[in-house]
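So this block is protein22.pdb, PDB, C-alpha atoms:
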ATOM      1  CA  MET A 209       0.000   0.000   0.000
ATOM      2  CA  THR A 210       1.421   3.367  -1.045
ATOM      3  CA  ALA A 211       0.779   6.354   1.190
ATOM      4  CA  GLU A 212      -0.924   9.393  -0.296
ATOM      5  CA  PRO A 213       1.295  12.500  -0.656
ATOM      6  CA  HIS A 214      -0.289  14.234   2.339
ATOM      7  CA  GLU A 215       0.347  11.146   4.460
ATOM      8  CA  ILE A 216       4.097  11.080   3.871
ATOM      9  CA  GLY A 217       5.746  11.939   7.152
ATOM     10  CA  ARG A 218       2.810  10.812   9.255
ATOM     11  CA  VAL A 219       3.071   7.430  10.966
ATOM     12  CA  GLN A 220       0.393   5.068   9.660
ATOM     13  CA  PRO A 221      -1.882   3.116  12.053
ATOM     14  CA  ILE A 222      -0.737  -0.443  12.681
ATOM     15  CA  VAL A 223      -2.643  -3.242  14.374
ATOM     16  CA  ASP A 224      -0.720  -4.304  17.480
ATOM     17  CA  ARG A 225       0.273  -7.891  16.727
ATOM     18  CA  GLY A 226       3.549  -7.899  18.600
ATOM     19  CA  PRO A 227       6.951  -6.231  18.407
ATOM     20  CA  THR A 228       8.239  -8.111  15.366
ATOM     21  CA  VAL A 229       5.460  -6.874  13.106
ATOM     22  CA  LEU A 230       5.707  -3.378  14.580
ATOM     23  CA  ARG A 231       9.419  -3.325  13.688
ATOM     24  CA  ILE A 232       8.717  -4.462  10.132
ATOM     25  CA  ALA A 233       5.897  -1.965   9.688
ATOM     26  CA  LEU A 234       7.887   0.936  11.145
ATOM     27  CA  GLY A 235      10.881   0.000   9.006
ATOM     28  CA  GLY A 236       8.656   0.001   5.933
ATOM     29  CA  GLN A 237       7.338   3.458   6.758
ATOM     30  CA  LEU A 238      10.865   4.776   7.184
ATOM     31  CA  ARG A 239      11.815   3.261   3.822
ATOM     32  CA  ARG A 240       8.893   4.986   2.106
ATOM     33  CA  LEU A 241       9.900   8.285   3.696
ATOM     34  CA  ARG A 242      13.469   7.876   2.463
ATOM     35  CA  GLU A 243      12.378   6.938  -1.034
ATOM     36  CA  SER A 244       9.913   9.853  -1.205
ATOM     37  CA  LYS A 245      12.890  12.196  -0.686
ATOM     38  CA  ASN A 246      15.129  10.294  -3.139
ATOM     39  CA  ILE A 247      17.687   9.698  -0.403
ATOM     40  CA  THR A 248      20.022   6.733  -0.788
ATOM     41  CA  ARG A 249      20.641   4.162   1.925
ATOM     42  CA  GLU A 250      24.256   5.308   2.009
ATOM     43  CA  ALA A 251      23.233   8.916   2.762
ATOM     44  CA  ALA A 252      20.753   7.781   5.389
ATOM     45  CA  GLY A 253      23.413   5.593   6.977
ATOM     46  CA  GLU A 254      25.803   8.526   7.225
ATOM     47  CA  ALA A 255      23.098  10.573   8.966
ATOM     48  CA  ILE A 256      22.946   8.046  11.811
ATOM     49  CA  ARG A 257      26.675   7.356  11.885
ATOM     50  CA  GLY A 258      26.120   3.939  10.350
ATOM     51  CA  SER A 259      26.168   2.173   7.012
ATOM     52  CA  HIS A 260      23.721   1.356   4.237
ATOM     53  CA  ALA A 261      23.587  -2.163   5.701
ATOM     54  CA  LYS A 262      22.290  -0.783   8.995
ATOM     55  CA  ILE A 263      19.602   1.188   7.163
ATOM     56  CA  SER A 264      18.657  -1.989   5.319
ATOM     57  CA  ARG A 265      18.319  -3.902   8.620
ATOM     58  CA  LEU A 266      16.201  -1.104  10.107
ATOM     59  CA  GLU A 267      13.917  -0.922   7.078
ATOM     60  CA  LEU A 268      13.432  -4.690   7.064
ATOM     61  CA  GLY A 269      12.654  -4.739  10.794
ATOM     62  CA  ARG A 270      15.622  -6.982  11.495
ATOM     63  CA  THR A 271      16.893  -4.944  14.444
ATOM     64  CA  GLY A 272      15.605  -2.693  17.222
ATOM     65  CA  PHE A 273      15.340   1.094  16.915
ATOM     66  CA  LYS A 274      17.344   3.687  18.831
ATOM     67  CA  GLU A 275      15.441   6.907  19.431
ATOM     68  CA  ARG A 276      18.497   8.912  18.371
ATOM     69  CA  ASP A 277      18.559   7.141  14.995
ATOM     70  CA  ILE A 278      14.828   7.710  14.475
ATOM     71  CA  ARG A 279      15.239  11.384  15.387
ATOM     72  CA  ASP A 280      18.087  11.904  12.924
ATOM     73  CA  LEU A 281      16.321  10.025  10.115
ATOM     74  CA  LEU A 282      13.089  11.961  10.554
ATOM     75  CA  THR A 283      15.044  15.214  10.420
ATOM     76  CA  LEU A 284      16.805  14.041   7.257
ATOM     77  CA  TYR A 285      13.474  13.064   5.714
ATOM     78  CA  GLY A 286      11.878  16.410   6.536
ATOM     79  CA  VAL A 287       9.473  15.231   9.239
ATOM     80  CA  VAL A 288       9.508  18.219  11.606
ATOM     81  CA  ASP A 289       6.009  18.306  13.090
ATOM     82  CA  PRO A 290       6.368  17.426  16.822
ATOM     83  CA  VAL A 291       3.163  15.377  16.853
ATOM     84  CA  ASP A 292       4.214  13.284  13.842
ATOM     85  CA  ARG A 293       7.705  12.775  15.278
ATOM     86  CA  GLU A 294       6.335  11.678  18.652
ATOM     87  CA  ALA A 295       4.089   9.132  16.916
ATOM     88  CA  PHE A 296       7.175   7.554  15.317
ATOM     89  CA  PHE A 297       9.010   7.555  18.670
ATOM     90  CA  ASP A 298       6.054   5.920  20.396
ATOM     91  CA  LEU A 299       5.824   3.212  17.737
ATOM     92  CA  ALA A 300       9.575   2.600  18.015
ATOM     93  CA  ARG A 301       9.244   2.151  21.784
ATOM     94  CA  GLN A 302       6.456  -0.381  21.271
ATOM     95  CA  ALA A 303       8.503  -2.187  18.622
ATOM     96  CA  ASN A 304      11.383  -2.509  21.077
ATOM     97  CA  GLU A 305       9.225  -4.194  23.731
ATOM     98  CA  PRO A 306      10.166  -7.878  24.186
ATOM     99  CA  GLY A 307       7.670 -10.570  23.184
ATOM    100  CA  TRP A 308       6.700 -13.437  25.486
ATOM    101  CA  TRP A 309       9.446 -15.547  23.928
ATOM    102  CA  HIS A 310      12.108 -13.141  25.181
ATOM    103  CA  ARG A 311      12.264 -14.968  28.518
ATOM    104  CA  TYR A 312      13.391 -18.037  26.580
ATOM    105  CA  SER A 313      16.119 -16.170  24.697
ATOM    106  CA  ASP A 314      18.791 -18.309  26.354
ATOM    107  CA  LEU A 315      17.317 -21.313  24.525
ATOM    108  CA  LEU A 316      16.394 -19.784  21.196
ATOM    109  CA  PRO A 317      18.745 -18.748  18.397
ATOM    110  CA  SER A 318      18.110 -15.216  17.159
ATOM    111  CA  TRP A 319      16.958 -16.423  13.742
ATOM    112  CA  PHE A 320      14.207 -18.501  15.332
ATOM    113  CA  SER A 321      13.129 -15.713  17.691
ATOM    114  CA  THR A 322      12.392 -13.688  14.568
ATOM    115  CA  TYR A 323      10.172 -16.464  13.262
ATOM    116  CA  LEU A 324       8.253 -16.695  16.545
ATOM    117  CA  GLY A 325       7.438 -13.009  16.313
ATOM    118  CA  LEU A 326       6.213 -13.406  12.741
ATOM    119  CA  GLU A 327       4.211 -16.533  13.565
ATOM    120  CA  GLN A 328       2.455 -14.812  16.465
ATOM    121  CA  ALA A 329       1.543 -11.887  14.196
ATOM    122  CA  ALA A 330       0.486 -13.789  11.061
ATOM    123  CA  SER A 331      -3.114 -13.879   9.915
ATOM    124  CA  GLN A 332      -2.472 -16.919   7.704
ATOM    125  CA  ILE A 333       0.137 -19.666   7.981
ATOM    126  CA  ARG A 334       0.515 -22.225   5.214
ATOM    127  CA  THR A 335       3.061 -24.958   5.771
ATOM    128  CA  TYR A 336       4.327 -28.098   4.067
ATOM    129  CA  GLU A 337       6.154 -30.704   6.137
ATOM    130  CA  THR A 338       8.007 -33.764   4.866
ATOM    131  CA  GLN A 339       9.461 -35.254   8.067
ATOM    132  CA  LEU A 340       7.577 -34.170  11.196
ATOM    133  CA  VAL A 341       4.214 -32.852  12.315
ATOM    134  CA  PRO A 342       4.313 -29.020  12.146
ATOM    135  CA  GLY A 343       5.276 -27.391  15.437
ATOM    136  CA  LEU A 344       1.925 -25.625  15.884
ATOM    137  CA  LEU A 345       0.128 -28.979  15.709
ATOM    138  CA  GLN A 346       2.337 -31.105  17.975
ATOM    139  CA  THR A 347       1.368 -32.682  21.291
ATOM    140  CA  PRO A 348       3.712 -32.046  24.266
ATOM    141  CA  GLU A 349       4.818 -35.685  24.223
ATOM    142  CA  TYR A 350       5.625 -35.583  20.518
ATOM    143  CA  THR A 351       7.590 -32.359  21.001
ATOM    144  CA  ARG A 352       9.464 -33.822  23.947
ATOM    145  CA  ALA A 353      10.451 -36.856  21.877
ATOM    146  CA  ILE A 354      11.847 -34.597  19.156
ATOM    147  CA  VAL A 355      13.693 -32.325  21.587
ATOM    148  CA  THR A 356      15.352 -35.173  23.483
ATOM    149  CA  VAL A 357      16.693 -36.778  20.310
ATOM    150  CA  GLY A 358      19.046 -33.886  19.712
ATOM    151  CA  LEU A 359      19.513 -32.496  23.206
ATOM    152  CA  ASP A 360      18.275 -34.009  26.462
ATOM    153  CA  ASP A 361      19.225 -31.746  29.353
ATOM    154  CA  ALA A 362      17.768 -29.727  32.210
ATOM    155  CA  GLU A 363      16.118 -27.317  29.765
ATOM    156  CA  THR A 364      14.047 -29.943  27.944
ATOM    157  CA  GLU A 365      10.784 -28.965  29.625
ATOM    158  CA  ARG A 366      11.319 -25.280  28.891
ATOM    159  CA  ARG A 367      11.851 -26.127  25.225
ATOM    160  CA  VAL A 368       8.605 -28.092  25.222
ATOM    161  CA  GLN A 369       6.892 -25.160  26.946
ATOM    162  CA  VAL A 370       7.982 -22.755  24.214
ATOM    163  CA  ARG A 371       6.268 -24.873  21.582
ATOM    164  CA  GLN A 372       3.114 -25.168  23.651
ATOM    165  CA  LEU A 373       2.991 -21.399  24.160
ATOM    166  CA  ARG A 374       3.289 -20.955  20.391
ATOM    167  CA  GLN A 375       0.108 -22.972  19.989
ATOM    168  CA  ASP A 376      -1.953 -20.514  22.022
ATOM    169  CA  VAL A 377      -2.484 -18.563  18.791
ATOM    170  CA  LEU A 378      -4.737 -21.345  17.489
ATOM    171  CA  ARG A 379      -7.455 -20.637  20.044
ATOM    172  CA  ARG A 380      -7.119 -16.919  20.657
ATOM    173  CA  VAL A 381      -9.955 -14.512  19.797
ATOM    174  CA  ASP A 382      -8.522 -13.719  16.347
ATOM    175  CA  PRO A 383      -6.627 -16.893  15.449
ATOM    176  CA  PRO A 384      -4.612 -17.213  12.259
ATOM    177  CA  VAL A 385      -5.802 -19.473   9.485
ATOM    178  CA  VAL A 386      -3.453 -22.466   9.546
ATOM    179  CA  TRP A 387      -3.299 -24.678   6.481
ATOM    180  CA  ALA A 388      -0.920 -27.616   6.791
ATOM    181  CA  VAL A 389      -0.037 -30.116   4.083
ATOM    182  CA  ILE A 390       1.731 -33.109   5.600
ATOM    183  CA  ASP A 391       3.551 -35.746   3.593
ATOM    184  CA  GLU A 392       2.342 -39.298   4.191
ATOM    185  CA  ALA A 393       5.879 -40.190   5.272
ATOM    186  CA  VAL A 394       5.234 -38.259   8.504
ATOM    187  CA  LEU A 395       2.430 -40.680   9.365
ATOM    188  CA  HIS A 396       4.830 -43.620   9.107
ATOM    189  CA  ARG A 397       7.391 -42.171  11.510
ATOM    190  CA  PRO A 398       6.523 -43.226  15.108
ATOM    191  CA  VAL A 399       8.266 -40.374  16.909
ATOM    192  CA  GLY A 400       8.325 -41.148  20.632
ATOM    193  CA  GLY A 401       6.961 -44.660  20.186
ATOM    194  CA  ARG A 402       3.604 -46.082  19.168
ATOM    195  CA  GLU A 403       1.469 -44.506  21.898
ATOM    196  CA  VAL A 404       2.902 -41.010  21.419
ATOM    197  CA  HIS A 405       2.529 -41.406  17.658
ATOM    198  CA  ARG A 406      -1.070 -42.602  17.947
ATOM    199  CA  ASN A 407      -2.026 -39.726  20.250
ATOM    200  CA  GLN A 408      -0.359 -37.257  17.906
ATOM    201  CA  LEU A 409      -2.414 -38.497  14.970
ATOM    202  CA  ARG A 410      -5.595 -38.212  17.025
ATOM    203  CA  HIS A 411      -4.559 -34.702  18.013
ATOM    204  CA  LEU A 412      -4.212 -33.793  14.332
ATOM    205  CA  ILE A 413      -7.735 -35.086  13.690
ATOM    206  CA  GLU A 414      -9.078 -32.989  16.570
ATOM    207  CA  LEU A 415      -7.285 -29.829  15.447
ATOM    208  CA  SER A 416      -8.476 -30.297  11.872
ATOM    209  CA  THR A 417     -12.054 -29.787  13.072
ATOM    210  CA  LEU A 418     -11.271 -26.227  14.216
ATOM    211  CA  PRO A 419     -12.713 -23.644  11.812
ATOM    212  CA  ASN A 420      -9.312 -21.982  11.352
ATOM    213  CA  VAL A 421      -7.242 -25.159  10.857
ATOM    214  CA  THR A 422      -7.010 -27.257   7.688
ATOM    215  CA  VAL A 423      -4.909 -30.426   7.548
ATOM    216  CA  GLN A 424      -4.252 -32.273   4.306
ATOM    217  CA  VAL A 425      -2.236 -35.431   3.777
ATOM    218  CA  LEU A 426      -0.128 -35.661   0.646
ATOM    219  CA  PRO A 427      -0.318 -39.401  -0.147
ATOM    220  CA  TYR A 428       2.387 -41.466  -1.762
ATOM    221  CA  SER A 429      -0.029 -42.041  -4.619
ATOM    222  CA  ALA A 430       0.363 -38.370  -5.583
ATOM    223  CA  GLY A 431       3.755 -39.297  -6.999
ATOM    224  CA  GLY A 432       6.353 -36.610  -7.644
ATOM    225  CA  HIS A 433       5.702 -33.009  -6.751
ATOM    226  CA  ALA A 434       7.346 -29.593  -6.957
ATOM    227  CA  ALA A 435       8.424 -29.438  -3.295
ATOM    228  CA  ALA A 436      10.021 -32.865  -3.009
ATOM    229  CA  GLY A 437      12.347 -32.950  -0.008
ATOM    230  CA  SER A 438      11.777 -29.342   1.025
ATOM    231  CA  SER A 439       9.651 -28.234   3.985
ATOM    232  CA  PHE A 440       8.627 -24.577   4.119
ATOM    233  CA  SER A 441       6.067 -22.151   5.502
ATOM    234  CA  ILE A 442       4.409 -19.055   4.044
ATOM    235  CA  LEU A 443       3.214 -16.370   6.437
ATOM    236  CA  ARG A 444       0.710 -13.673   5.516
ATOM    237  CA  PHE A 445      -0.261 -10.651   7.611
ATOM    238  CA  ALA A 446      -3.438  -8.627   7.985
ATOM    239  CA  GLU A 447      -1.528  -5.366   7.609
ATOM    240  CA  PRO A 448      -1.414  -4.546   3.856
ATOM    241  CA  GLU A 449       1.996  -2.877   4.179
ATOM    242  CA  LEU A 450       3.595  -6.123   5.339
ATOM    243  CA  PRO A 451       4.764  -8.541   2.629
ATOM    244  CA  ASP A 452       4.262 -12.294   2.688
ATOM    245  CA  ILE A 453       7.294 -14.155   3.995
ATOM    246  CA  VAL A 454       8.558 -17.618   3.078
ATOM    247  CA  TYR A 455      10.352 -19.342   5.948
ATOM    248  CA  LEU A 456      12.893 -22.111   5.329
ATOM    249  CA  GLU A 457      14.455 -23.633   8.433
ATOM    250  CA  GLN A 458      17.886 -25.268   8.401
ATOM    251  CA  LEU A 459      19.883 -26.989  11.145
ATOM    252  CA  THR A 460      21.767 -23.893  12.282
ATOM    253  CA  SER A 461      19.992 -21.024  10.536
ATOM    254  CA  ALA A 462      16.930 -20.033   8.560
ATOM    255  CA  LEU A 463      16.052 -18.176   5.371
ATOM    256  CA  TYR A 464      13.378 -15.495   5.149
ATOM    257  CA  LEU A 465      12.376 -14.885   1.544
ATOM    258  CA  GLU A 466      10.470 -11.722   0.614
ATOM    259  CA  ARG A 467      11.377 -11.113  -3.036
ATOM    260  CA  ARG A 468       8.359 -11.086  -5.315
ATOM    261  CA  GLN A 469       9.686 -13.826  -7.572
ATOM    262  CA  ASP A 470      10.462 -16.105  -4.605
ATOM    263  CA  LEU A 471       7.006 -15.565  -3.126
ATOM    264  CA  ALA A 472       5.358 -16.283  -6.464
ATOM    265  CA  LEU A 473       7.273 -19.556  -6.825
ATOM    266  CA  TYR A 474       6.516 -20.836  -3.325
ATOM    267  CA  LEU A 475       2.872 -19.786  -3.482
ATOM    268  CA  SER A 476       2.542 -21.666  -6.768
ATOM    269  CA  VAL A 477       4.171 -24.762  -5.259
ATOM    270  CA  MET A 478       1.944 -24.604  -2.187
ATOM    271  CA  ASP A 479      -1.152 -24.312  -4.370
ATOM    272  CA  GLN A 480      -0.028 -27.356  -6.353
ATOM    273  CA  LEU A 481       0.558 -29.350  -3.167
ATOM    274  CA  SER A 482      -2.899 -28.435  -1.872
ATOM    275  CA  VAL A 483      -4.455 -29.714  -5.094
ATOM    276  CA  GLN A 484      -2.425 -32.943  -5.088
ATOM    277  CA  ALA A 485      -3.089 -33.630  -1.404
ATOM    278  CA  ALA A 486      -6.165 -35.487  -0.222
ATOM    279  CA  HIS A 487      -9.259 -33.410   0.526
ATOM    280  CA  PRO A 488      -9.450 -32.384   4.235
ATOM    281  CA  ASP A 489     -12.294 -34.866   4.889
ATOM    282  CA  ARG A 490     -10.398 -37.680   3.187
ATOM    283  CA  SER A 491      -7.247 -36.619   5.045
ATOM    284  CA  ARG A 492      -9.063 -37.109   8.368
ATOM    285  CA  GLU A 493      -9.971 -40.617   7.256
ATOM    286  CA  ILE A 494      -6.318 -41.316   6.394
ATOM    287  CA  LEU A 495      -5.191 -39.990   9.779
ATOM    288  CA  ARG A 496      -7.824 -42.116  11.515
ATOM    289  CA  ASP A 497      -6.685 -45.244   9.659
ATOM    290  CA  TYR A 498      -3.079 -44.672  10.628
ATOM    291  CA  ALA A 499      -4.030 -43.966  14.257
ATOM    292  CA  GLU A 500      -5.977 -47.245  14.465
ATOM    293  CA  ARG A 501      -3.036 -49.187  13.039
ATOM    294  CA  ALA A 502      -0.356 -47.475  15.165
TER
END

Entire entry expressed as structure tokens:
Amino acid sequence: MTAEPHEIGRVQPIVDRGPTVLRIALGGQLRRLRESKNITREAAGEAIRGSHAKISRLELGRTGFKERDIRDLLTLYGVVDPVDREAFFDLARQANEPGWWHRYSDLLPSWFSTYLGLEQAASQIRTYETQLVPGLLQTPEYTRAIVTVGLDDAETERRVQVRQLRQDVLRRVDPPVVWAVIDEAVLHRPVGGREVHRNQLRHLIELSTLPNVTVQVLPYSAGGHAAAGSSFSILRFAEPELPDIVYLEQLTSALYLERRQDLALYLSVMDQLSVQAAHPDRSREILRDYAERA
């Protein structure tokens, strides 16, 4: 969404969906201000005693905001009205507030903390999983089995708690629409043993009856598909100024894709997977069959 000329310099209203989205939205507004004045990132970086890379991080919402930097940028961009400036400062203060996951920062890598903020703020989450049940749909026992495979220590229960707290979004007043396509291979993998696996499948069936949750199984009979071997998620936000984001998690890092061509590709692949996967009603039958045989 492009601001009208008379709106340039005035902070735009943003729904409060957590600090991560506030940072992204504020960064986007600062970018539009800079571009409206034809100021380069290099020049903006010099104004705050930084670099073009720092301006890029600020505009993408990848880092917190210092009031001094906001003050200097607004001056550079010609925003001089005290009321407008204070609105930017107030939004920056809100964007710097820690989310609930901050108290688990000793457990979470920074790249995953970013995802948690985006997940909590998303209005729609579409995900494709090839190996495991998606985190938002896991039972505590299933999560615990996954966590203890890689690292079983005194913090195991806190790690399980983080995942359970993430799932609170599913039943909040304004829950996101969650649409999960799960490869049939996931249903064959008895993570945590037969009982844990069986209960997890039943949990998926229960969640799939929620009005905001859709679960589809991609059966082996579908054959080859465009996303073979690659799990990913696409997050969409209610705020029109926020772009969709594709999230790709790796063992020690993650990728956040926002380029238009990347989004178009992954959206196309996700649409194809949804067509190839079994209908939600048929998927519940498949899950029920596997649960009975587990």

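The neighbours of Leu443 of chain A here are the residues that come within 6 Å of it, using all atoms listed in the file and leaving out any residue fewer than 5 positions away in the same chain; they are Ala330, Gln332, Ile333, Asp452 and Ile453 of chain A.
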
Problem set entry | Residues near segment 437-442 of chain A, cut-off 9 Å, all atoms listed in the file, skip fewer than 2 positions along chain, as a ChimeraX atom specification | /A:332-339,388,435,444,452-457,471,474-475,478

Could you write out that same residue set with C-alpha atoms as a PDB file, keeping the file's coordinate frame?
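Generated output (again_1.pdb):
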ATOM      1  CA  GLN A 332      -2.472 -16.919   7.704  1.00  0.00           C
ATOM      2  CA  ILE A 333       0.137 -19.666   7.981  1.00  0.00           C
ATOM      3  CA  ARG A 334       0.515 -22.225   5.214  1.00  0.00           C
ATOM      4  CA  THR A 335       3.061 -24.958   5.771  1.00  0.00           C
ATOM      5  CA  TYR A 336       4.327 -28.098   4.067  1.00  0.00           C
ATOM      6  CA  GLU A 337       6.154 -30.704   6.137  1.00  0.00           C
ATOM      7  CA  THR A 338       8.007 -33.764   4.866  1.00  0.00           C
ATOM      8  CA  GLN A 339       9.461 -35.254   8.067  1.00  0.00           C
ATOM      9  CA  ALA A 388      -0.920 -27.616   6.791  1.00  0.00           C
ATOM     10  CA  ALA A 435       8.424 -29.438  -3.295  1.00  0.00           C
ATOM     11  CA  ARG A 444       0.710 -13.673   5.516  1.00  0.00           C
ATOM     12  CA  ASP A 452       4.262 -12.294   2.688  1.00  0.00           C
ATOM     13  CA  ILE A 453       7.294 -14.155   3.995  1.00  0.00           C
ATOM     14  CA  VAL A 454       8.558 -17.618   3.078  1.00  0.00           C
ATOM     15  CA  TYR A 455      10.352 -19.342   5.948  1.00  0.00           C
ATOM     16  CA  LEU A 456      12.893 -22.111   5.329  1.00  0.00           C
ATOM     17  CA  GLU A 457      14.455 -23.633   8.433  1.00  0.00           C
ATOM     18  CA  LEU A 471       7.006 -15.565  -3.126  1.00  0.00           C
ATOM     19  CA  TYR A 474       6.516 -20.836  -3.325  1.00  0.00           C
ATOM     20  CA  LEU A 475       2.872 -19.786  -3.482  1.00  0.00           C
ATOM     21  CA  MET A 478       1.944 -24.604  -2.187  1.00  0.00           C
TER      22      MET A 478
END

For this session: Within 9 Å of segment 245-251 of chain A, counting only C-alpha atoms, which residues show up once you throw out same-chain ones fewer than 5 positions away? Write them as number ranges by chain, please.
Result: A: 240, 258-264, 284-286

For this session: Calculate how many Å separate atom CA of Arg371 of chain A from atom CA of Leu481 of chain A, rounding to one decimal.
Result: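 Computed distance, atom CA of Arg371 of chain A to atom CA of Leu481 of chain A, equals 25.8 Å.
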
Problem set entry | All residues 12 Å or closer to Leu395 of chain A, only C-alpha atoms, same chain fewer than 4 positions away omitted, as a PyMOL selection string | chain A and resi 337-341+390-391+399+402+405-410+412+424-428+491+494-502

Exercise. Using all atoms listed in the file, which of the listed residues (A:Val229, A:Leu473, A:Leu238, A:Val381) sits closest to Glu327 of chain A?
Worked result: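 Between A:Val229, A:Leu473, A:Leu238, A:Val381, the residue approaching Glu327 of chain A most closely is A:Val229.
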
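From atom CA of Arg301 of chain A back to atom CA of Tyr323 of chain A, the distance works out to 20.5 Å.
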
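Proximity to Leu373 of chain A at 12 Å, evaluated using all atoms listed in the file and with sequence-adjacent residues fewer than 5 positions away removed, yields Gly307, Trp308, Trp309, Tyr312, Leu324, Glu327, Gln328, Gly343, Leu344, Leu345, Gln346, Thr347, Pro348, Arg366, Arg367, Val368, Leu378, Arg379 and Arg380 of chain A.
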